[in-house]
Amino acid sequence: MIVIAKELVKQLLKKPFTNLFPAKYAPKSIKQFLRDAKEGKVKLNPPVVVPPNFRGKIEYDEKKCIRCKLCTRVCPAKALEYVEKENIIKYHLFRCAFCGQCVDVCPTGALKLTKEFLLAGYKKD
Ligand code: SF4
Ligand code: SF4
């Protein structure tokens with residue numbers, strides 16, 4: 001019990017290791033913040049390194065797409081839709097499970113997994 005209490009107090013007095021997020025915690029002046037960080041007045045933790053095989057947001061290259069629709073057939077989350085009117089594949093990010101099956105099946109490399117993981121937004125599409 002005493003050990004836990006000691007650890008709790010220690011943790012409470014420590015500064016957080018992570019960079020503060022979201023943007024409401026951002027300093028008023030980024031330039032000033034970076035200057036202070038350079039001079040060691042404030043501590044800036046480096047961003048988390050994204051691993052090499054990370055599966056982030058899908059990128060669609062309309063020019064490479066031959067409209068075979070294979071990606072729409074393999075997608076388990078129905079996150080890809082062929083829009084006939086615009087003759088494009090529409091990606092519904094909010095449905096995507098980041099499995100990468102569409103990327104594997106695409107014969108032309110029109111779909112790519114990116115390392116983008118900050119995906120919050122105000123609109124569903
Ligand atoms: S990564 Fe998976 S869930 Fe996301 S669009 Fe491709 S097949 Fe669908
Ligand atoms: S699998 Fe690739 S080429 Fe085929 S429709 Fe999908 S994105 Fe286009």
# chains A, B, ... in the order shown; residues from 1 in each chain; ligands from 1
>>> residues_near_ligand(ligand="ligand 2", cutoff="8 Å", atoms="only C-alpha atoms and all ligand atoms", output="number ranges by chain")
A: 60-62, 64-72, 82, 88-89, 102-103, 105-111
>>> select_by_dssp(residues="chain A", states="alpha helix (DSSP H)", output="compact mmCIF listing (two decimals) with N, CA and C atoms, in the first residue's frame")
# COMPACT_ATOMS: atom_id res chain seq x y z
N ILE A 2 1.88 1.26 0.89
CA ILE A 2 2.78 2.42 0.98
C ILE A 2 3.53 2.62 -0.33
N VAL A 3 3.92 1.49 -0.93
CA VAL A 3 4.65 1.57 -2.21
C VAL A 3 3.79 2.23 -3.27
N ILE A 4 2.52 1.84 -3.33
CA ILE A 4 1.59 2.41 -4.31
C ILE A 4 1.41 3.90 -4.05
N ALA A 5 1.22 4.26 -2.79
CA ALA A 5 1.03 5.66 -2.42
C ALA A 5 2.25 6.50 -2.81
N LYS A 6 3.43 5.94 -2.58
CA LYS A 6 4.68 6.64 -2.93
C LYS A 6 4.73 6.88 -4.44
N GLU A 7 4.41 5.83 -5.18
CA GLU A 7 4.43 5.90 -6.65
C GLU A 7 3.42 6.93 -7.15
N LEU A 8 2.24 6.94 -6.51
CA LEU A 8 1.19 7.89 -6.90
C LEU A 8 1.65 9.32 -6.71
N VAL A 9 2.24 9.61 -5.57
CA VAL A 9 2.72 10.96 -5.28
C VAL A 9 3.82 11.34 -6.27
N LYS A 10 4.71 10.39 -6.55
CA LYS A 10 5.81 10.63 -7.50
C LYS A 10 5.25 11.00 -8.88
N GLN A 11 4.25 10.24 -9.32
CA GLN A 11 3.66 10.47 -10.64
C GLN A 11 2.91 11.80 -10.69
N LEU A 12 2.25 12.14 -9.57
CA LEU A 12 1.49 13.39 -9.53
C LEU A 12 2.41 14.61 -9.64
N LEU A 13 3.61 14.49 -9.13
CA LEU A 13 4.53 15.62 -9.16
C LEU A 13 5.33 15.71 -10.46
N ILE A 30 3.91 30.06 -31.55
CA ILE A 30 4.71 28.87 -31.84
C ILE A 30 6.19 29.26 -31.95
N LYS A 31 6.42 30.42 -32.62
CA LYS A 31 7.81 30.88 -32.81
C LYS A 31 8.50 31.06 -31.46
N GLN A 32 7.77 31.74 -30.54
CA GLN A 32 8.34 31.99 -29.21
C GLN A 32 8.57 30.67 -28.48
N PHE A 33 7.60 29.77 -28.62
CA PHE A 33 7.69 28.46 -27.98
C PHE A 33 8.92 27.70 -28.48
N LEU A 34 9.13 27.74 -29.82
CA LEU A 34 10.27 27.04 -30.40
C LEU A 34 11.59 27.68 -29.97
N ARG A 35 11.58 29.03 -29.88
CA ARG A 35 12.79 29.73 -29.40
C ARG A 35 13.10 29.30 -27.97
N ASP A 36 12.04 29.28 -27.12
CA ASP A 36 12.22 28.88 -25.72
C ASP A 36 12.69 27.44 -25.63
N ALA A 37 12.14 26.59 -26.51
CA ALA A 37 12.53 25.17 -26.49
C ALA A 37 14.01 25.02 -26.86
N LYS A 38 14.45 25.84 -27.83
CA LYS A 38 15.84 25.81 -28.26
C LYS A 38 16.78 26.22 -27.12
N LEU A 70 -12.65 -3.56 -57.96
CA LEU A 70 -12.22 -4.68 -57.11
C LEU A 70 -12.14 -4.24 -55.65
N CYS A 71 -11.67 -3.03 -55.44
CA CYS A 71 -11.51 -2.52 -54.07
C CYS A 71 -12.85 -2.45 -53.34
N THR A 72 -13.89 -2.06 -54.05
CA THR A 72 -15.21 -1.95 -53.41
C THR A 72 -15.73 -3.34 -53.03
N ARG A 73 -15.30 -4.36 -53.79
CA ARG A 73 -15.78 -5.72 -53.50
C ARG A 73 -15.07 -6.34 -52.30
N VAL A 74 -13.79 -6.03 -52.13
CA VAL A 74 -13.07 -6.67 -51.02
C VAL A 74 -13.19 -5.92 -49.69
N GLN A 101 -6.78 -4.25 -47.35
CA GLN A 101 -7.16 -5.22 -48.39
C GLN A 101 -7.35 -4.54 -49.75
N CYS A 102 -7.89 -3.35 -49.74
CA CYS A 102 -8.12 -2.63 -51.01
C CYS A 102 -6.78 -2.31 -51.69
N VAL A 103 -5.80 -1.99 -50.90
CA VAL A 103 -4.47 -1.67 -51.44
C VAL A 103 -3.86 -2.93 -52.07
N ASP A 104 -4.01 -4.05 -51.39
CA ASP A 104 -3.46 -5.31 -51.89
C ASP A 104 -4.11 -5.74 -53.19
N VAL A 105 -5.40 -5.50 -53.32
CA VAL A 105 -6.13 -6.01 -54.49
C VAL A 105 -6.05 -5.06 -55.70
>>> residues_near_ligand(ligand="ligand 1", cutoff="8 Å", atoms="only C-alpha atoms and all ligand atoms", output="PyMOL selection string")
chain A and resi 55+57-58+71-72+74-80+91-93+95-103+113
>>> atom_distance(atom1="CA of Pro27 in chain A", atom2="CA of Glu39 in chain A")
16.0 Å
>>> atom_distance(atom1="CA of Lys112 in chain A", atom2="CA of Phe94 in chain A")
16.9 Å
>>> atom_distance(atom1="CA of Glu59 in chain A", atom2="CA of Phe117 in chain A")
12.4 Å
>>> select_by_dssp(residues="chain A", states="strand (DSSP E)", output="ChimeraX atom specification")
/A:58-60,80-83,88-91,111-113
>>> residues_around(residues="Val48 in chain A", least_positions_apart="6", cutoff="12 Å", atoms="only C-alpha atoms", output="list of chain:residue names")
A:Phe17, A:Thr18, A:Asn19, A:Lys115, A:Phe117
